$ cat structure-v4.pdb   # PDB, C-alpha atoms, pLDDT in the B column
ATOM      1  CA  MET A   1       0.000   0.000   0.000  1.00 57.00           C
ATOM      2  CA  ARG A   2       2.785   2.212   0.777  1.00 50.00           C
ATOM      3  CA  SER A   3       4.321   1.772  -2.586  1.00 54.00           C
ATOM      4  CA  MET A   4       0.990   2.614  -4.099  1.00 52.00           C
ATOM      5  CA  MET A   5       0.885   5.837  -2.169  1.00 54.00           C
ATOM      6  CA  ILE A   6       4.389   6.688  -3.153  1.00 56.00           C
ATOM      7  CA  GLY A   7       3.507   5.924  -6.766  1.00 52.00           C
ATOM      8  CA  ALA A   8       0.419   8.128  -6.528  1.00 51.00           C
ATOM      9  CA  GLY A   9       2.540  10.875  -4.957  1.00 50.00           C
ATOM     10  CA  VAL A  10       5.062  10.658  -7.752  1.00 49.00           C
ATOM     11  CA  VAL A  11       2.289  10.874 -10.353  1.00 49.00           C
ATOM     12  CA  MET A  12       0.789  13.874  -8.572  1.00 50.00           C
ATOM     13  CA  ALA A  13       4.158  15.598  -8.246  1.00 48.00           C
ATOM     14  CA  THR A  14       4.797  15.018 -11.949  1.00 51.00           C
ATOM     15  CA  MET A  15       1.416  16.496 -12.772  1.00 49.00           C
ATOM     16  CA  LEU A  16       2.087  19.490 -10.533  1.00 47.00           C
ATOM     17  CA  VAL A  17       5.468  20.107 -12.061  1.00 48.00           C
ATOM     18  CA  SER A  18       4.134  19.729 -15.571  1.00 49.00           C
ATOM     19  CA  GLY A  19       1.173  21.947 -14.637  1.00 49.00           C
ATOM     20  CA  CYS A  20       3.554  24.614 -13.388  1.00 51.00           C
ATOM     21  CA  GLU A  21       5.511  24.309 -16.581  1.00 55.00           C
ATOM     22  CA  HIS A  22       2.356  24.980 -18.616  1.00 61.00           C
ATOM     23  CA  THR A  23       1.419  27.806 -16.291  1.00 71.00           C
ATOM     24  CA  ARG A  24       4.872  29.331 -16.681  1.00 67.00           C
ATOM     25  CA  GLU A  25       4.643  29.059 -20.468  1.00 71.00           C
ATOM     26  CA  GLY A  26       1.132  30.518 -20.390  1.00 69.00           C
ATOM     27  CA  ALA A  27       2.246  33.422 -18.208  1.00 66.00           C
ATOM     28  CA  ALA A  28       5.185  34.096 -20.511  1.00 68.00           C
ATOM     29  CA  LYS A  29       2.893  33.973 -23.536  1.00 72.00           C
ATOM     30  CA  ASP A  30       0.400  36.299 -21.804  1.00 70.00           C
ATOM     31  CA  ALA A  31       3.236  38.701 -20.992  1.00 70.00           C
ATOM     32  CA  GLU A  32       4.377  38.652 -24.623  1.00 75.00           C
ATOM     33  CA  ASN A  33       0.827  39.351 -25.835  1.00 73.00           C
ATOM     34  CA  ALA A  34       0.410  42.159 -23.304  1.00 68.00           C
ATOM     35  CA  ALA A  35       3.744  43.670 -24.370  1.00 71.00           C
ATOM     36  CA  ALA A  36       2.735  43.517 -28.055  1.00 73.00           C
ATOM     37  CA  LYS A  37      -0.628  45.151 -27.308  1.00 72.00           C
ATOM     38  CA  SER A  38       1.059  47.801 -25.207  1.00 70.00           C
ATOM     39  CA  GLU A  39       3.512  48.517 -28.030  1.00 74.00           C
ATOM     40  CA  GLN A  40       0.636  48.811 -30.537  1.00 76.00           C
ATOM     41  CA  ALA A  41      -1.242  51.172 -28.207  1.00 69.00           C
ATOM     42  CA  ALA A  42       1.900  53.282 -27.781  1.00 70.00           C
ATOM     43  CA  GLU A  43       2.329  53.511 -31.568  1.00 75.00           C
ATOM     44  CA  ARG A  44      -1.328  54.540 -32.013  1.00 78.00           C
ATOM     45  CA  SER A  45      -0.889  57.149 -29.293  1.00 71.00           C
ATOM     46  CA  ALA A  46       2.292  58.463 -30.927  1.00 72.00           C
ATOM     47  CA  GLU A  47       0.521  58.697 -34.328  1.00 77.00           C
ATOM     48  CA  ALA A  48      -2.409  60.532 -32.732  1.00 73.00           C
ATOM     49  CA  ALA A  49       0.048  62.974 -31.138  1.00 72.00           C
ATOM     50  CA  ARG A  50       1.794  63.530 -34.498  1.00 78.00           C
ATOM     51  CA  GLU A  51      -1.594  64.164 -36.145  1.00 76.00           C
ATOM     52  CA  ALA A  52      -2.599  66.584 -33.399  1.00 72.00           C
ATOM     53  CA  GLY A  53       0.730  68.376 -33.869  1.00 74.00           C
ATOM     54  CA  ARG A  54       0.102  68.680 -37.616  1.00 76.00           C
ATOM     55  CA  ASP A  55      -3.418  69.998 -36.938  1.00 73.00           C
ATOM     56  CA  VAL A  56      -2.102  72.563 -34.459  1.00 71.00           C
ATOM     57  CA  SER A  57       0.642  73.575 -36.886  1.00 73.00           C
ATOM     58  CA  GLN A  58      -1.855  73.926 -39.723  1.00 79.00           C
ATOM     59  CA  ALA A  59      -4.221  75.971 -37.525  1.00 72.00           C
ATOM     60  CA  ALA A  60      -1.334  78.227 -36.477  1.00 72.00           C
ATOM     61  CA  GLY A  61      -0.395  78.728 -40.127  1.00 74.00           C
ATOM     62  CA  GLN A  62      -3.973  79.605 -41.010  1.00 78.00           C
ATOM     63  CA  ALA A  63      -4.132  82.053 -38.102  1.00 70.00           C
ATOM     64  CA  ALA A  64      -0.885  83.664 -39.251  1.00 69.00           C
ATOM     65  CA  ASP A  65      -2.238  83.955 -42.807  1.00 75.00           C
ATOM     66  CA  ALA A  66      -5.462  85.519 -41.532  1.00 70.00           C
ATOM     67  CA  THR A  67      -3.480  87.978 -39.417  1.00 71.00           C
ATOM     68  CA  ARG A  68      -1.321  88.956 -42.407  1.00 72.00           C
ATOM     69  CA  ASP A  69      -4.433  89.417 -44.563  1.00 70.00           C
ATOM     70  CA  ALA A  70      -6.130  91.554 -41.917  1.00 65.00           C
ATOM     71  CA  ALA A  71      -2.996  93.669 -41.478  1.00 65.00           C
ATOM     72  CA  GLY A  72      -2.781  94.169 -45.252  1.00 67.00           C
ATOM     73  CA  GLN A  73      -6.425  95.188 -45.432  1.00 70.00           C
ATOM     74  CA  ALA A  74      -5.955  97.603 -42.531  1.00 62.00           C
ATOM     75  CA  ALA A  75      -2.905  99.113 -44.230  1.00 59.00           C
ATOM     76  CA  ASN A  76      -4.837  99.519 -47.492  1.00 61.00           C
ATOM     77  CA  ALA A  77      -7.761 101.120 -45.667  1.00 58.00           C
ATOM     78  CA  THR A  78      -5.386 103.498 -43.903  1.00 59.00           C
ATOM     79  CA  ARG A  79      -3.714 104.428 -47.201  1.00 63.00           C
ATOM     80  CA  ASP A  80      -7.114 104.966 -48.843  1.00 55.00           C
ATOM     81  CA  ALA A  81      -8.309 107.103 -45.948  1.00 56.00           C
ATOM     82  CA  ALA A  82      -5.104 109.137 -46.007  1.00 54.00           C
ATOM     83  CA  SER A  83      -5.414 109.606 -49.754  1.00 56.00           C
ATOM     84  CA  SER A  84      -9.058 110.587 -49.432  1.00 56.00           C
ATOM     85  CA  THR A  85      -8.205 113.055 -46.672  1.00 56.00           C
ATOM     86  CA  ALA A  86      -5.384 114.495 -48.752  1.00 57.00           C
ATOM     87  CA  ASN A  87      -7.713 114.823 -51.750  1.00 56.00           C
ATOM     88  CA  ALA A  88     -10.359 116.528 -49.612  1.00 58.00           C
ATOM     89  CA  GLY A  89      -7.725 118.905 -48.232  1.00 66.00           C
ATOM     90  CA  ASP A  90      -6.433 119.591 -51.731  1.00 76.00           C
ATOM     91  CA  ALA A  91      -9.957 120.274 -52.993  1.00 77.00           C
ATOM     92  CA  ALA A  92     -10.723 122.583 -50.075  1.00 84.00           C
ATOM     93  CA  GLN A  93      -7.470 124.454 -50.655  1.00 87.00           C
ATOM     94  CA  GLN A  94      -8.225 124.855 -54.377  1.00 86.00           C
ATOM     95  CA  THR A  95     -11.758 126.078 -53.615  1.00 88.00           C
ATOM     96  CA  ALA A  96     -10.482 128.647 -51.100  1.00 89.00           C
ATOM     97  CA  GLN A  97      -7.784 129.926 -53.456  1.00 92.00           C
ATOM     98  CA  ILE A  98     -10.212 130.316 -56.347  1.00 92.00           C
ATOM     99  CA  LYS A  99     -12.914 131.988 -54.236  1.00 93.00           C
ATOM    100  CA  SER A 100     -10.325 134.382 -52.720  1.00 91.00           C
ATOM    101  CA  ALA A 101      -8.987 135.279 -56.162  1.00 92.00           C
ATOM    102  CA  LEU A 102     -12.525 135.886 -57.486  1.00 91.00           C
ATOM    103  CA  MET A 103     -13.314 138.149 -54.527  1.00 92.00           C
ATOM    104  CA  ALA A 104     -10.023 140.044 -54.953  1.00 93.00           C
ATOM    105  CA  ASP A 105     -10.773 140.838 -58.615  1.00 92.00           C
ATOM    106  CA  ALA A 106     -12.632 144.179 -58.734  1.00 92.00           C
ATOM    107  CA  SER A 107     -14.137 143.405 -62.165  1.00 92.00           C
ATOM    108  CA  ILE A 108     -16.202 140.498 -60.778  1.00 92.00           C
ATOM    109  CA  ASP A 109     -19.086 140.393 -58.295  1.00 91.00           C
ATOM    110  CA  ALA A 110     -18.124 137.099 -56.611  1.00 91.00           C
ATOM    111  CA  SER A 111     -20.857 137.250 -53.980  1.00 92.00           C
ATOM    112  CA  ARG A 112     -23.163 135.056 -56.091  1.00 94.00           C
ATOM    113  CA  ILE A 113     -20.530 132.620 -57.423  1.00 95.00           C
ATOM    114  CA  ASP A 114     -20.178 129.145 -55.878  1.00 94.00           C
ATOM    115  CA  VAL A 115     -16.970 127.192 -56.388  1.00 95.00           C
ATOM    116  CA  ASP A 116     -16.995 123.390 -56.052  1.00 93.00           C
ATOM    117  CA  THR A 117     -13.775 121.390 -56.391  1.00 92.00           C
ATOM    118  CA  GLU A 118     -13.598 117.613 -56.829  1.00 91.00           C
ATOM    119  CA  ALA A 119     -10.022 116.436 -56.281  1.00 87.00           C
ATOM    120  CA  SER A 120     -10.626 112.842 -57.407  1.00 88.00           C
ATOM    121  CA  THR A 121     -11.692 114.009 -60.884  1.00 91.00           C
ATOM    122  CA  LYS A 122      -9.568 117.183 -60.791  1.00 91.00           C
ATOM    123  CA  THR A 123     -12.617 119.286 -61.652  1.00 94.00           C
ATOM    124  CA  VAL A 124     -13.584 122.817 -60.590  1.00 95.00           C
ATOM    125  CA  THR A 125     -17.217 123.751 -61.143  1.00 96.00           C
ATOM    126  CA  LEU A 126     -18.370 127.380 -61.130  1.00 96.00           C
ATOM    127  CA  LYS A 127     -22.081 127.949 -60.454  1.00 96.00           C
ATOM    128  CA  GLY A 128     -24.163 130.989 -59.774  1.00 95.00           C
ATOM    129  CA  LEU A 129     -24.901 134.339 -61.344  1.00 95.00           C
ATOM    130  CA  VAL A 130     -22.681 136.951 -62.987  1.00 95.00           C
ATOM    131  CA  ARG A 131     -23.547 140.307 -64.614  1.00 94.00           C
ATOM    132  CA  SER A 132     -21.931 139.735 -68.033  1.00 94.00           C
ATOM    133  CA  ALA A 133     -20.288 137.292 -70.429  1.00 95.00           C
ATOM    134  CA  ALA A 134     -16.967 139.036 -69.739  1.00 95.00           C
ATOM    135  CA  GLU A 135     -17.409 138.412 -65.999  1.00 95.00           C
ATOM    136  CA  LYS A 136     -18.179 134.745 -66.750  1.00 96.00           C
ATOM    137  CA  ALA A 137     -15.014 134.414 -68.896  1.00 96.00           C
ATOM    138  CA  THR A 138     -12.857 136.206 -66.295  1.00 96.00           C
ATOM    139  CA  ALA A 139     -14.139 133.914 -63.526  1.00 95.00           C
ATOM    140  CA  ALA A 140     -13.270 130.832 -65.613  1.00 96.00           C
ATOM    141  CA  ARG A 141      -9.779 132.220 -66.344  1.00 96.00           C
ATOM    142  CA  ILE A 142      -9.123 132.939 -62.654  1.00 95.00           C
ATOM    143  CA  ALA A 143     -10.274 129.439 -61.689  1.00 95.00           C
ATOM    144  CA  ALA A 144      -7.994 127.869 -64.304  1.00 95.00           C
ATOM    145  CA  ASP A 145      -5.032 129.976 -63.113  1.00 94.00           C
ATOM    146  CA  LYS A 146      -5.536 129.094 -59.449  1.00 93.00           C
ATOM    147  CA  ALA A 147      -6.099 125.371 -60.041  1.00 91.00           C
ATOM    148  CA  PRO A 148      -3.488 124.207 -62.542  1.00 90.00           C
ATOM    149  CA  GLY A 149      -4.127 120.682 -63.746  1.00 90.00           C
ATOM    150  CA  TYR A 150      -7.849 120.928 -62.970  1.00 92.00           C
ATOM    151  CA  ARG A 151     -10.596 121.066 -65.568  1.00 95.00           C
ATOM    152  CA  VAL A 152     -12.943 124.052 -65.117  1.00 95.00           C
ATOM    153  CA  THR A 153     -16.657 123.581 -65.751  1.00 96.00           C
ATOM    154  CA  ASN A 154     -18.216 127.016 -66.090  1.00 97.00           C
ATOM    155  CA  ASN A 155     -21.924 126.800 -65.250  1.00 97.00           C
ATOM    156  CA  LEU A 156     -22.264 130.508 -64.438  1.00 96.00           C
ATOM    157  CA  GLU A 157     -25.409 132.220 -65.717  1.00 96.00           C
ATOM    158  CA  VAL A 158     -25.421 135.775 -67.015  1.00 94.00           C
ATOM    159  CA  ARG A 159     -28.150 137.876 -65.353  1.00 89.00           C
ATOM    160  CA  ARG A 160     -28.500 141.592 -65.597  1.00 72.00           C
TER     161      ARG A 160
END
$ encode --input "structure-v4.pdb" --output "structure tokens"
Amino acid sequence: MRSMMIGAGVVMATMLVSGCEHTREGAAKDAENAAAKSEQAAERSAEAAREAGRDVSQAAGQAADATRDAAGQAANATRDAASSTANAGDAAQQTAQIKSALMADASIDASRIDVDTEASTKTVTLKGLVRSAAEKATAARIAADKAPGYRVTNNLEVRR
């Protein structure tokens, strides 16, 4: 009986040892699988980070482009406004010079003459009433002398 027990013990010990061997192999295999999955997850994470970096870089580039465009538009608007202001100042100066010259000329009654100057078209327009055709011609000549490079439109009416 004792030999039977020893035999059964040997069989059990062999089974335990072989079971441990399989368990060790299984654990090693599980560890390998876990390592492979972890490596794949790390690669996916790294790719996602690279993609996010590209997206951020692209968004930053678009923001920089938008900023450059806005700055260019602001500069153009400022130039246009400055040009418009300069033209308005030029027109006002031309109008004042012509009106002053008309008033200084004793042969003309300038009290009923309006002078309009449009700098963008370089046009001086005379409107109103004068006493004679000579007064009308003199007013046009004075306007042309005081505003070189401008076209004079003489819409003065002769009234006695």
$ atom_distance --input "structure-v4.pdb" --atom1 "atom CA of Glu118 of chain A" --atom2 "atom CA of Arg131 of chain A"
26.0 Å
$ resolve_selection --input "structure-v4.pdb" --expression "the PyMOL selection byres ((chain A and resi 101-112) around 9)" --output "ChimeraX atom specification"
/A:96-100,113-114,127-131,135-136,138-139,142-143,146
$ atom_distance --input "structure-v4.pdb" --atom1 "atom CA of Pro148 of chain A" --atom2 "atom CA of Ala91 of chain A"
12.2 Å
$ resolve_selection --input "structure-v4.pdb" --expression "the PyMOL selection byres ((chain A and resi 154) around 7)" --output "mmCIF file with C-alpha atoms, keeping the file's coordinate frame"
data_model
loop_
_atom_site.group_PDB
_atom_site.id
_atom_site.type_symbol
_atom_site.label_atom_id
_atom_site.label_comp_id
_atom_site.auth_asym_id
_atom_site.auth_seq_id
_atom_site.Cartn_x
_atom_site.Cartn_y
_atom_site.Cartn_z
ATOM 1 C CA THR A 125 -17.217 123.751 -61.143
ATOM 2 C CA LEU A 126 -18.370 127.380 -61.130
ATOM 3 C CA LYS A 127 -22.081 127.949 -60.454
ATOM 4 C CA ALA A 140 -13.270 130.832 -65.613
ATOM 5 C CA VAL A 152 -12.943 124.052 -65.117
ATOM 6 C CA THR A 153 -16.657 123.581 -65.751
ATOM 7 C CA ASN A 155 -21.924 126.800 -65.250
ATOM 8 C CA LEU A 156 -22.264 130.508 -64.438
#
$ closest_residue --input "structure-v4.pdb" --among "A:Ala36, A:Val158, A:Ala60, A:Ala147" --to "Val115 of chain A" --atoms "all atoms listed in the file"
A:Ala147
